[in-house]
Structures are given as structure tokens and as C-alpha cells.
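Structure record follows, encoded as C-alpha cells.
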Amino acid sequence: MAELFQVEFKGSRRDFFYNSYHHALKVSEYVIVQAEQGEDMGLLTKKIETELPADSKIKPRSILRKAGPDDLARFHRLKDDEDRYQREVVPIIRKHGLAMKVVGVESLFDGGKITFYFTADHRVDFRALVRDLASRYRTRIELRQIGVRDEARRLDGYGICGRRQCCNSHLREFAPVSTSHAREQDLSLNPAKISGNCGRLLCCLRYEADLYTKAKKLFPPVGSTIQSDKGRGRISRIDVFRREAIFFNEEEALCRVCPHEIKNVIDAKGKWEPPAPAGEMPLDEDERKRLEQLDDENSNQ
């Protein structure tokens with residue numbers, strides 16, 4: 001079976017390719033690959049050790065060869081040309097009176113097509129613009145409208161966490177994110193704190209949302225009054241990582257209780273179903289290890 005590699009192209013585009021011709025390849029090398037129409041050049045970023053399932057929607061093409069000195073020189077010339085195309089297209093767009101912003105240009109390695117990526121608030125009728133560009137550059141032209149998240153991916157950058165944007169490091173597709181994910185994790189709804197470089201909600205708000213939801217279902221809602229072996233009190237918050245409810249008892253002592261230590265709910269501030277008995281907590285081994293890891297990370301901060 002041919003080796004499978006992940007190849008990254010300009011604009012943080014990624015795809016999978018087979019080393020069908022059994023070249024001696026190493027990660028971080030540039031390669032020439034089979035594109036949908038023609039050839040393209042990209043960087044080997046990862047060797048995939050597992051085989052794709054038979055029903056996978058991913059249909060990898062082939063790596064044609066390693067990039068040589070001439071290929072690299074041509075690649076750099078194309079990057080200079082793409083910068084020039086992006087500057088030249090602006091007055092042409094103004095001439096056509098189109099409300100659009102070009103955020104990137106890509107030319108196929110063999111020069112068979114130039115793709116202009118743009119953002120716009122509404123659908124744009126760019127047929128006349130395509131004809132103008134085709135007559136100017138004498139090649140196939142594609143205009144592709146993208147969203148602000150795709151724009152941020154193309155521009156690359158670092159998030160407020162100090163790490164490279166998720167869309168540039170590992171995310172292949174964008175999943176819907178809403179403020180409910182932030183509320184579930186008791187995060188501030190300050191847009192400056194929960195928005196990414198694209199101006200949309202942070203993609204990472206989804207990562208632990210399910211964990212918070214599962215953990216909170218084990219306890220009565222915050223604000224409920226409970227009775228436990230440690231006394232009676234009103235739940236002030238839920239420690240998701242330790243899976244404990246925190247409250248002050250009658251003696252104003254700070255108490256922590258697990259779900260099975262709650263004897264009675266005197267006043268529930270919402271719907272709640274008691275969890276499984278002690279020793280039958282609905283945690284599989286993988287989830288338990290993940291919680292322990294999160295607990296360690298939280299304690300080290």
C-alpha cells in the first residue's frame with residue numbers, strides 16, 4: 001500500500017495524497033502533486049500512519065515527484081506574480097462597481113488557472129469581471145467567495161491563547177459556535193474575550209462544552225439548596241474538573257460534595273434528575289483519563 005501524506009498549500013489548504021510512485025519522501029519537503037486540473041505544489045506536513053476507511057469521502061490523488069530547484073524557483077516567481085495580481089485586480093473591481101474585497105490569489109503551479117478569493121456581504125455577480133480578467137491574463141479564471149473565518153485561515157495568525165489559530169493548525173472544517181457554548185462554561189460574554197481574529201466566536205468554545213454539560217447534569221442547578229452530610233447550603237458553583245458542587249453550610253464553612261453525597265434537594269432552581277448511585281458514575285475510562293488530565297492542567301496554572 002502506498003504511503004499517505006498530508007500536504008499543505010498556500011492559504012493553509014490541506015489535502016491527502018498517496019505516494020503512488022514510491023518516492024523517498026520526508027516531512028517538511030516540497031512536492032508536486034496531482035491537482036484537480038493540472039499540477040500544484042505543497043509542503044509535506046504529516047505522514048498518515050493509519051489507512052483511510054473504505055467508505056471515506058476523502059479520495060487522495062498522487063504525489064507526482066519531489067520539488068527540485070527549478071520547481072522551487074518557479075514557486076517563488078508565482079508568489080510574486082500572485083501579489084501583483086492582487087494589486088492589479090483592485091482597480092478592475094472598482095471599474096465594475098463591485099462591493100467585494102480580494103483577500104488572496106492563487107495560481108496553479110502549471111499556470112493553468114488563477115483563483116481569486118474574496119469576501120463580500122452579499123452575493124456578487126462577477127461574470128463581467130471574470131471575462132475582463134481572462135482576457136488580461138490569458139488563462140482560466142476562478143473567483144471564489146469565502147467567509148470571514150476562511151479569510152482568517154488564509155491570513156494565518158495567533159489567537160489570544162498565544163497558540164497558532166486552530167483553523168491553521170488542525171481544524172479541517174468549521175463547526176457552528178454559539179454563545180450558549182460560552183454560557184455553559186460560565187465564560188464572560190465580553191466579545192473581546194470570546195471572539196477570534198475573524199471577529200466570530202472562538203472555535204475552541206466547542207471543545208469542552210460537552211464535558212461541562214455532562215458534568216453539570218450530575219448536580220442540581222446553581223442556586224439550588226441542598227442537604228448533605230457536610231450540612232445544608234445553596235450551591236454557588238460547580239467544579240467541573242473535580243465534579244464537585246461548592247457551597248457554604250450553616251456554619252459558613254466552604255464545602256465540596258460529589259453527586260452521590262447529596263442527600264436531598266430542598267429547593268431546586270430548575271429540572272434535575274439524581275445521578276447514578278455511588279460507584280456507578282457514568283464515566284468511561286477514556287473520559288476519566290481526560291478529566292484527570294484537565295484537572296492536572298488546571299492545578300498547574
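Following the order of the C-alpha cells, first chain is A, next is B, and so on, with residues numbered from 1 inside each chain and ligands from 1 in the order they appear.
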
Could you pull out all residues of range 5-241 of chain A with a DSSP call of alpha helix (DSSP H) and give them as a short mmCIF file (atom, residue, chain, number, x, y, z; two decimals) with C-alpha atoms, in the first residue's frame?
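Heads up, here's the output in states13.cif:
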data_model
loop_
_atom_site.label_atom_id
_atom_site.label_comp_id
_atom_site.auth_asym_id
_atom_site.auth_seq_id
_atom_site.Cartn_x
_atom_site.Cartn_y
_atom_site.Cartn_z
CA PRO A 69 15.49 23.61 -7.62
CA ASP A 70 13.66 24.67 -10.79
CA ASP A 71 10.30 23.91 -9.16
CA LEU A 72 11.17 25.99 -6.10
CA ALA A 73 12.31 28.89 -8.27
CA ARG A 74 9.06 28.76 -10.22
CA PHE A 75 7.09 28.57 -6.95
CA HIS A 76 8.68 31.82 -5.71
CA ARG A 77 8.09 33.53 -9.05
CA LEU A 78 4.42 32.55 -8.85
CA LYS A 79 4.15 34.04 -5.34
CA ASP A 80 5.48 37.34 -6.70
CA ASP A 81 3.00 37.15 -9.58
CA GLU A 82 0.14 36.45 -7.17
CA ASP A 83 1.00 39.57 -5.16
CA ARG A 84 0.98 41.56 -8.39
CA TYR A 85 -2.37 40.06 -9.47
CA GLN A 86 -3.91 41.04 -6.14
CA ARG A 87 -2.77 44.64 -6.58
CA GLU A 88 -3.88 44.81 -10.21
CA VAL A 89 -7.38 43.42 -9.62
CA VAL A 90 -8.42 46.21 -7.22
CA PRO A 91 -8.91 48.98 -9.84
CA ILE A 92 -10.63 46.47 -12.16
CA ILE A 93 -13.14 45.63 -9.42
CA ARG A 94 -13.77 49.34 -8.85
CA LYS A 95 -14.34 49.82 -12.57
CA HIS A 96 -17.12 47.21 -12.43
CA ARG A 127 -19.32 37.39 -14.70
CA ALA A 128 -18.16 40.56 -16.45
CA LEU A 129 -15.16 40.74 -14.11
CA VAL A 130 -14.15 37.16 -14.96
CA ARG A 131 -14.24 37.96 -18.68
CA ASP A 132 -12.06 41.01 -18.09
CA LEU A 133 -9.51 39.05 -16.08
CA ALA A 134 -9.44 36.14 -18.54
CA SER A 135 -8.67 38.48 -21.45
CA ARG A 136 -5.96 40.19 -19.38
CA TYR A 137 -4.13 37.11 -18.07
CA VAL A 148 -14.51 35.70 7.30
CA ARG A 149 -13.36 32.50 9.01
CA ASP A 150 -11.80 31.30 5.76
CA GLU A 151 -10.20 34.73 5.39
CA ALA A 152 -8.59 34.40 8.83
CA ARG A 153 -7.33 30.95 7.87
CA ARG A 154 -5.76 32.31 4.69
CA LEU A 155 -4.08 35.19 6.54
CA CYS A 166 -6.94 26.35 15.30
CA CYS A 167 -8.04 26.75 11.67
CA ASN A 168 -4.36 26.87 10.66
CA SER A 169 -3.10 24.12 12.93
CA THR A 179 -22.95 32.00 22.80
CA SER A 180 -24.64 29.04 24.52
CA HIS A 181 -21.26 27.26 24.43
CA ALA A 182 -19.74 30.17 26.38
CA ARG A 183 -22.64 30.30 28.86
CA GLU A 184 -22.39 26.57 29.50
CA PRO A 191 -16.97 39.87 22.72
CA ALA A 192 -13.31 40.84 23.07
CA LYS A 193 -12.65 37.73 25.17
CA ILE A 194 -14.61 35.11 23.21
CA ALA A 209 -18.73 22.34 26.02
CA ASP A 210 -19.98 18.72 26.08
CA LEU A 211 -17.79 17.95 29.10
CA TYR A 212 -19.35 20.87 31.01
CA THR A 213 -22.86 19.82 30.00
CA LYS A 214 -22.34 16.23 31.19
CA ALA A 215 -20.74 17.31 34.47
CA LYS A 216 -23.45 19.85 35.32
#

Env of Gly231 in chain A: 7 Å cut, atoms = only C-alpha atoms, seq-sep filter 2 positions within chain, self excluded. Answer as a PDB file with C-alpha atoms, in the first residue's frame.
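So around28.pdb came out as:
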ATOM      1  CA  GLN A 227     -28.766  18.822  52.186  1.00  0.00           C
ATOM      2  CA  SER A 228     -25.643  16.686  52.521  1.00  0.00           C
ATOM      3  CA  ASP A 229     -23.507  15.016  55.175  1.00  0.00           C
ATOM      4  CA  GLY A 233     -26.429  25.225  51.798  1.00  0.00           C
ATOM      5  CA  ASN A 249     -23.040  25.318  55.013  1.00  0.00           C
ATOM      6  CA  GLU A 250     -24.854  26.699  58.067  1.00  0.00           C
TER       7      GLU A 250
END

Determine, counting only C-alpha atoms, which protein, DNA and RNA residues have an atom within 8 Å of an atom of Lys271 in chain A; residues of the same chain fewer than 2 positions away are not included. Present the result as a short mmCIF file (atom, residue, chain, number, x, y, z; two decimals) with N, CA and C atoms, in the first residue's frame.
data_model
loop_
_atom_site.label_atom_id
_atom_site.label_comp_id
_atom_site.auth_asym_id
_atom_site.auth_seq_id
_atom_site.Cartn_x
_atom_site.Cartn_y
_atom_site.Cartn_z
N PRO A 220 -27.78 19.42 40.96
CA PRO A 220 -28.88 20.39 40.84
C PRO A 220 -28.32 21.70 40.31
N PRO A 221 -29.12 22.51 39.65
CA PRO A 221 -28.63 23.78 39.10
C PRO A 221 -28.03 24.68 40.18
N ALA A 268 -34.81 23.20 44.28
CA ALA A 268 -34.09 23.09 43.01
C ALA A 268 -34.46 24.27 42.11
N LYS A 269 -33.46 24.94 41.60
CA LYS A 269 -33.67 26.07 40.69
C LYS A 269 -33.69 25.60 39.24
N GLU A 273 -32.35 15.46 37.56
CA GLU A 273 -32.57 14.06 37.88
C GLU A 273 -31.35 13.55 38.64
#

Atom pair CA of Ser178 in chain A / CA of Lys101 in chain A: separation (Å): 26.3 Å

Residue neighbourhood Cys258 in chain A, 8 Å, only C-alpha atoms, exclusion window fewer than 2 positions, as number ranges by chain: A: 243-245, 256, 260-262

Those selected residues, please, written with N, CA and C atoms and delivered as a PDB file, in the first residue's frame.
ATOM      1  N   ARG A 243     -15.652  17.533  39.456  1.00  0.00           N
ATOM      2  CA  ARG A 243     -17.037  17.049  39.550  1.00  0.00           C
ATOM      3  C   ARG A 243     -17.542  17.131  40.988  1.00  0.00           C
ATOM      4  N   GLU A 244     -17.504  18.351  41.500  1.00  0.00           N
ATOM      5  CA  GLU A 244     -17.974  18.631  42.858  1.00  0.00           C
ATOM      6  C   GLU A 244     -18.803  19.909  42.847  1.00  0.00           C
ATOM      7  N   ALA A 245     -19.831  19.919  43.687  1.00  0.00           N
ATOM      8  CA  ALA A 245     -20.615  21.135  43.902  1.00  0.00           C
ATOM      9  C   ALA A 245     -20.022  21.870  45.107  1.00  0.00           C
ATOM     10  N   ARG A 256     -17.386  20.959  49.724  1.00  0.00           N
ATOM     11  CA  ARG A 256     -17.421  20.363  48.394  1.00  0.00           C
ATOM     12  C   ARG A 256     -18.090  18.995  48.502  1.00  0.00           C
ATOM     13  N   HIS A 260     -23.199  11.847  44.578  1.00  0.00           N
ATOM     14  CA  HIS A 260     -23.817  10.830  45.438  1.00  0.00           C
ATOM     15  C   HIS A 260     -23.826  11.241  46.909  1.00  0.00           C
ATOM     16  N   GLU A 261     -23.143  12.353  47.270  1.00  0.00           N
ATOM     17  CA  GLU A 261     -23.140  12.826  48.653  1.00  0.00           C
ATOM     18  C   GLU A 261     -24.303  13.778  48.934  1.00  0.00           C
ATOM     19  N   ILE A 262     -25.036  14.132  47.905  1.00  0.00           N
ATOM     20  CA  ILE A 262     -26.210  14.999  48.086  1.00  0.00           C
ATOM     21  C   ILE A 262     -27.379  14.126  48.542  1.00  0.00           C
TER      22      ILE A 262
END

Filtered DSSP result for range 54-288 of chain A, state strand (DSSP E), as a ChimeraX atom specification: /A:61-66,101-107,113-119,140-145,225-228,231-239,244-248,254-257,262-267
